[in-house]
>>> print(open('run14.csv').read())   # CSV, C-alpha atoms and all ligand atoms
chain,number,residue,atom,x,y,z
G,1,MET,CA,97.8,112.3,116.6
G,2,ASN,CA,101.3,113.5,117.6
G,3,ARG,CA,104.5,111.8,116.5
G,4,GLN,CA,104.8,109.8,119.8
G,5,GLU,CA,101.3,108.4,119.4
G,6,MET,CA,102.0,107.5,115.7
G,7,LYS,CA,105.1,105.7,116.9
G,8,GLU,CA,103.1,103.7,119.5
G,9,LYS,CA,100.6,102.6,116.9
G,10,LEU,CA,103.2,101.8,114.3
G,11,LYS,CA,105.1,99.6,116.9
G,12,GLU,CA,102.1,97.4,117.2
G,13,LYS,CA,101.9,96.9,113.4
G,14,LEU,CA,105.5,96.3,112.3
G,15,SER,CA,108.1,93.7,113.1
G,16,PRO,CA,110.7,94.9,115.6
G,17,LYS,CA,113.3,95.1,112.8
G,18,ARG,CA,111.0,97.1,110.5
G,19,PHE,CA,110.1,99.3,113.4
G,20,GLU,CA,113.7,100.0,114.2
G,21,HIS,CA,114.3,100.8,110.5
G,22,SER,CA,111.4,103.3,110.6
G,23,ILE,CA,112.9,105.0,113.6
G,24,GLY,CA,116.2,105.2,111.8
G,25,VAL,CA,114.6,106.8,108.7
G,26,GLU,CA,112.6,109.2,111.0
G,27,TYR,CA,115.8,110.6,112.6
G,28,THR,CA,118.0,110.5,109.5
G,29,ALA,CA,115.3,112.4,107.6
G,30,GLY,CA,115.2,114.9,110.5
G,31,THR,CA,118.9,115.6,110.3
G,32,MET,CA,118.8,116.0,106.5
G,33,ALA,CA,115.9,118.5,107.0
G,34,PHE,CA,118.2,120.6,109.2
G,35,ILE,CA,120.8,120.8,106.4
G,36,TYR,CA,118.4,121.4,103.5
G,37,ASP,CA,116.2,123.9,105.3
G,38,ILE,CA,112.8,122.1,105.2
G,39,ASP,CA,110.3,121.4,107.9
G,40,VAL,CA,111.9,119.0,110.4
G,41,ASP,CA,108.6,117.7,111.8
G,42,LYS,CA,107.2,116.9,108.4
G,43,ALA,CA,110.4,115.0,107.4
G,44,MET,CA,110.4,113.0,110.6
G,45,ILE,CA,106.7,112.1,110.2
G,46,ALA,CA,107.2,111.0,106.6
G,47,GLY,CA,110.3,109.0,107.6
G,48,LEU,CA,108.5,107.3,110.5
G,49,LEU,CA,105.5,106.3,108.4
G,50,HIS,CA,107.1,105.6,105.0
G,51,ASP,CA,106.8,101.8,105.4
G,52,CYS,CA,103.6,101.7,107.6
G,53,ALA,CA,101.9,99.2,105.3
G,54,LYS,CA,104.9,97.0,104.8
G,55,TYR,CA,103.3,94.2,107.0
G,56,VAL,CA,100.4,93.7,104.5
G,57,SER,CA,100.7,90.5,102.4
G,58,ASN,CA,101.4,90.9,98.7
G,59,GLU,CA,97.9,89.5,97.8
G,60,LYS,CA,96.3,91.9,100.2
G,61,LYS,CA,98.4,94.8,98.9
G,62,ILE,CA,96.8,94.3,95.4
G,63,GLN,CA,93.3,93.9,96.8
G,64,LYS,CA,93.6,97.0,99.0
G,65,CYS,CA,94.9,99.2,96.2
G,66,GLU,CA,92.3,97.9,93.7
G,67,LYS,CA,89.5,98.6,96.2
G,68,ARG,CA,90.7,102.2,96.5
G,69,HIS,CA,91.1,102.6,92.7
G,70,ILE,CA,94.8,103.2,93.0
G,71,PRO,CA,96.4,102.6,89.6
G,72,ILE,CA,98.6,99.5,89.5
G,73,SER,CA,101.1,99.1,86.7
G,74,GLN,CA,102.1,95.7,85.1
G,75,CYS,CA,105.4,95.8,87.0
G,76,GLU,CA,103.5,96.3,90.3
G,77,TYR,CA,101.3,93.3,89.5
G,78,ASP,CA,104.4,91.3,88.8
G,79,ASN,CA,106.3,92.6,91.9
G,80,PRO,CA,103.5,93.5,94.4
G,81,GLU,CA,106.1,94.4,97.1
G,82,LEU,CA,106.5,97.7,95.2
G,83,LEU,CA,103.0,98.6,96.2
G,84,HIS,CA,103.9,99.0,99.9
G,85,ALA,CA,104.9,102.6,99.1
G,86,LYS,CA,101.6,103.6,97.6
G,87,LEU,CA,99.7,101.7,100.3
G,88,SER,CA,101.8,103.2,103.1
G,89,ALA,CA,100.7,106.7,101.8
G,90,VAL,CA,97.1,105.5,101.9
G,91,TYR,CA,97.5,104.1,105.5
G,92,ALA,CA,99.3,107.3,106.6
G,93,GLN,CA,96.1,109.2,105.6
G,94,GLU,CA,93.5,106.7,106.8
G,95,LYS,CA,95.1,105.3,109.9
G,96,TYR,CA,97.5,108.1,111.1
G,97,HIS,CA,95.3,111.1,109.8
G,98,ILE,CA,98.0,112.7,107.8
G,99,SER,CA,96.5,115.1,105.3
G,100,ASP,CA,99.7,117.0,104.2
G,101,SER,CA,100.1,116.2,100.5
G,102,GLU,CA,103.9,116.7,100.6
G,103,ILE,CA,104.3,114.0,103.3
G,104,LEU,CA,101.9,111.7,101.5
G,105,SER,CA,103.7,112.0,98.1
G,106,ALA,CA,107.1,111.5,99.8
G,107,ILE,CA,105.8,108.2,101.2
G,108,ALA,CA,104.2,107.1,97.9
G,109,CYS,CA,107.4,107.5,95.8
G,110,HIS,CA,110.0,106.3,98.4
G,111,THR,CA,110.7,103.0,96.6
G,112,THR,CA,111.2,103.9,93.0
G,113,GLY,CA,111.7,107.7,93.3
G,114,LYS,CA,110.3,109.8,90.4
G,115,PRO,CA,111.6,112.5,88.1
G,116,ALA,CA,111.7,116.1,89.5
G,117,MET,CA,111.3,115.2,93.2
G,118,THR,CA,110.7,117.8,95.9
G,119,THR,CA,113.4,118.2,98.6
G,120,LEU,CA,111.2,116.2,101.0
G,121,GLU,CA,110.7,113.4,98.5
G,122,LYS,CA,114.5,113.2,97.9
G,123,ILE,CA,115.2,113.1,101.6
G,124,ILE,CA,112.8,110.2,102.3
G,125,TYR,CA,114.2,108.2,99.3
G,126,ILE,CA,117.7,108.8,100.5
G,127,ALA,CA,117.1,108.4,104.3
G,128,ASP,CA,115.5,105.0,103.6
G,129,TYR,CA,118.7,103.9,102.0
G,130,ILE,CA,121.3,105.3,104.4
G,131,GLU,CA,119.7,105.0,107.8
G,132,PRO,CA,122.1,103.4,110.3
G,133,ASN,CA,120.0,100.2,111.0
G,134,ARG,CA,119.9,99.0,107.4
G,135,ASN,CA,122.3,96.3,106.4
G,136,PRO,CA,125.1,98.2,104.7
G,137,LEU,CA,125.0,98.3,100.9
G,138,PRO,CA,128.0,98.8,98.6
G,139,GLU,CA,129.6,102.3,98.7
G,140,ILE,CA,127.4,103.2,101.7
G,141,ASP,CA,130.2,105.4,103.3
G,142,THR,CA,130.4,107.6,100.2
G,143,ILE,CA,126.6,107.7,99.7
G,144,ARG,CA,126.1,108.7,103.4
G,145,LYS,CA,128.5,111.7,103.0
G,146,GLU,CA,126.8,112.7,99.7
G,147,ALA,CA,123.5,112.7,101.5
G,148,TYR,CA,124.7,115.6,103.6
G,149,SER,CA,126.6,117.5,100.9
G,150,ASP,CA,124.9,117.0,97.5
G,151,LEU,CA,121.4,115.7,97.3
G,152,ASP,CA,121.2,115.1,93.6
G,153,GLN,CA,124.6,113.5,93.4
G,154,CYS,CA,123.5,111.2,96.3
G,155,LEU,CA,120.3,110.3,94.5
G,156,LEU,CA,122.1,109.5,91.3
G,157,HIS,CA,124.6,107.3,93.2
G,158,ILE,CA,121.8,105.3,94.9
G,159,LEU,CA,119.8,105.0,91.6
G,160,HIS,CA,122.9,103.9,89.7
G,161,ASN,CA,123.6,101.2,92.3
G,162,THR,CA,120.0,100.1,92.4
G,163,VAL,CA,119.6,99.9,88.6
G,164,HIS,CA,122.8,97.8,88.5
G,165,TYR,CA,121.6,95.6,91.4
G,166,LEU,CA,118.2,95.1,89.9
G,167,GLY,CA,119.8,94.4,86.5
G,168,THR,CA,121.4,91.3,88.0
G,169,LYS,CA,118.0,90.1,89.4
G,170,GLU,CA,115.2,88.3,87.6
G,171,ASN,CA,112.7,90.8,88.9
G,172,LYS,CA,111.9,93.4,86.3
G,173,MET,CA,113.0,96.9,87.0
G,174,ASP,CA,110.1,99.3,87.5
G,175,PRO,CA,110.0,101.7,84.5
G,176,VAL,CA,109.6,104.5,87.0
G,177,THR,CA,113.0,103.6,88.6
G,178,LYS,CA,114.6,103.7,85.2
G,179,GLU,CA,113.0,107.0,84.3
G,180,THR,CA,114.1,108.5,87.6
G,181,TYR,CA,117.6,107.2,87.0
G,182,MET,CA,117.7,108.8,83.5
G,183,TYR,CA,116.3,112.0,84.8
G,184,TYR,CA,118.9,112.5,87.5
G,185,LYS,CA,121.7,111.2,85.2
G,186,ASN,CA,120.9,114.0,82.8
G,187,ARG,CA,120.5,116.5,85.5
G,188,VAL,CA,123.8,115.8,87.4
G,189,GLU,CA,126.0,115.3,84.3
J,1,LIG,O1,110.9,99.0,102.2
J,1,LIG,P1,112.4,99.0,102.3
J,1,LIG,O2,112.9,97.6,102.4
J,1,LIG,O3,112.8,99.8,103.5
J,1,LIG,O4,113.0,99.7,101.0
J,1,LIG,P2,112.3,100.1,99.6
J,1,LIG,O5,111.0,100.7,99.9
J,1,LIG,O6,113.4,100.8,98.8
J,1,LIG,O7,112.1,98.7,99.0
J,1,LIG,C1,113.1,97.9,98.7
J,1,LIG,C2,112.6,96.7,97.9
J,1,LIG,O8,112.1,97.2,96.6
J,1,LIG,C3,113.8,95.9,97.5
J,1,LIG,O9,113.4,94.5,97.7
J,1,LIG,C4,114.0,96.2,96.0
J,1,LIG,C5,112.7,96.6,95.6
J,1,LIG,N1,112.8,97.5,94.4
J,1,LIG,C6,113.2,98.8,94.4
J,1,LIG,N2,113.1,99.3,93.1
J,1,LIG,C7,112.6,98.3,92.4
J,1,LIG,C8,112.4,97.2,93.2
J,1,LIG,N3,111.9,96.0,92.8
J,1,LIG,C9,111.6,95.9,91.5
J,1,LIG,N4,111.1,94.8,91.0
J,1,LIG,N5,111.8,96.9,90.6
J,1,LIG,C10,112.3,98.2,91.0
J,1,LIG,O10,112.5,99.1,90.2
J,2,FE,FE,109.9,100.9,101.7
J,3,FE,FE,112.0,101.6,104.2
>>> encode(input="run14.csv", output="structure tokens")
Amino acid sequence: MNRQEMKEKLKEKLSPKRFEHSIGVEYTAGTMAFIYDIDVDKAMIAGLLHDCAKYVSNEKKIQKCEKRHIPISQCEYDNPELLHAKLSAVYAQEKYHISDSEILSAIACHTTGKPAMTTLEKIIYIADYIEPNRNPLPEIDTIRKEAYSDLDQCLLHILHNTVHYLGTKENKMDPVTKETYMYYKNRVE
């Protein structure tokens, strides 16, 4: 399946808004791949498919992950929307025939991040946050510039803002988000 065919299939699955977001992440990840010297096509595919299971209901997300013996943490049971990342990696493999483990892992960790990410994983995490169609979040102008000048600084900035945003919400923060934050805080500082 080429990227155009993936796009046609994805368009049938996602809402128009979510599809536009996916195209935004596809191209943003592509431009970041130019800068950081990684495979542009891989970055664009990972960006395009990163939310490909987002349309699945929360109840079904749990069922589908359990059926495939994908480990589900307590926080994921409490906040099943987190599972769209792992399930999108599964769907990328099963429905879009992606076998590249670097693409699949970038999709799987795009919501919480994880310590010691690869360049592709960082790019997808960041592109998801900065793509032009997303409703602008605080400090987005600075964060967008950092995305093209200092990847780790940009990650830390997003993680910092996310941790503070989640701190004000009832939803529990995923321990992986916190771990990722602490990891990049130590690395950058
Ligand atoms: O799928 P997107 O909307 O494009 O973006 P995303 O994959 O970053 O998911 C965003 C959602 O995930 C948003 O509703 C906040 C939530 N989220 C991110 N990190 C955490 C989290 N929710 C909880 N409960 N805990 C987290 O650590
Ligand atoms: Fe997502
Ligand atoms: Fe997304």
>>> residues_near_ligand(input="run14.csv", ligand="ligand FE 2 (chain J)", cutoff="7 Å", atoms="all atoms listed in the file", output="ChimeraX atom specification")
/G:50-51,84-85,110-111
>>> residues_near_ligand(input="run14.csv", ligand="ligand LIG 1 (chain J)", cutoff="10 Å", atoms="all atoms listed in the file", output="VMD selection string")
chain G and resid 18 21 to 22 25 50 to 54 75 to 76 78 to 85 107 to 113 124 to 129 131 134 159 162 to 163 165 to 167 169 to 180
>>> closest_residue(input="run14.csv", among="G:Gly30, G:His69, G:Pro16, G:Ile130", to="ligand FE 3 (chain J)", atoms="only C-alpha atoms and all ligand atoms")
G:Ile130
>>> closest_residue(input="run14.csv", among="G:Asn135, G:Gln63, G:Val90, G:Ile70", to="ligand FE 3 (chain J)", atoms="all atoms listed in the file")
G:Asn135
>>> closest_residue(input="run14.csv", among="G:Ile143, G:Leu14, G:Ile35, G:Met117", to="ligand FE 3 (chain J)", atoms="all atoms listed in the file")
G:Leu14
>>> residues_near_point(input="run14.csv", point="(101.6, 107.1, 104.9)", cutoff="9 Å", atoms="all atoms listed in the file", output="list of chain:residue names")
G:Ile45, G:Ala46, G:Leu48, G:Leu49, G:His50, G:Asp51, G:Cys52, G:Ala53, G:Ala85, G:Lys86, G:Leu87, G:Ser88, G:Ala89, G:Val90, G:Tyr91, G:Ala92, G:Gln93, G:Glu94, G:Lys95, G:Tyr96, G:His97, G:Ile98, G:Ile103, G:Leu104, G:Ser105, G:Ala106, G:Ile107, G:Ala108
>>> closest_residue(input="run14.csv", among="G:Tyr181, G:Ser99, G:Gln74, G:Asn58", to="Met1 (chain G)", atoms="all atoms listed in the file")
G:Ser99
>>> atom_distance(input="run14.csv", atom1="CA of Lys61 (chain G)", atom2="CA of Phe19 (chain G)")
19.2 Å
>>> closest_residue(input="run14.csv", among="G:Thr168, G:Lys17, G:Tyr183, G:Lys11", to="ligand FE 3 (chain J)", atoms="only C-alpha atoms and all ligand atoms")
G:Lys17
>>> residues_near_point(input="run14.csv", point="(117.3, 123.4, 103.8)", cutoff="12 Å", atoms="all atoms listed in the file", output="list of chain:residue names")
G:Ala29, G:Gly30, G:Thr31, G:Met32, G:Ala33, G:Phe34, G:Ile35, G:Tyr36, G:Asp37, G:Ile38, G:Asp39, G:Val40, G:Ala43, G:Thr118, G:Thr119, G:Leu120, G:Ile123, G:Tyr148, G:Ser149, G:Asp150, G:Leu151
>>> closest_residue(input="run14.csv", among="G:Ile23, G:Leu10, G:Ile62, G:Val56", to="ligand FE 3 (chain J)", atoms="only C-alpha atoms and all ligand atoms")
G:Ile23
>>> atom_distance(input="run14.csv", atom1="CA of Cys154 (chain G)", atom2="CA of Glu139 (chain G)")
11.1 Å
>>> atom_distance(input="run14.csv", atom1="CA of Glu121 (chain G)", atom2="CA of Tyr27 (chain G)")
15.3 Å
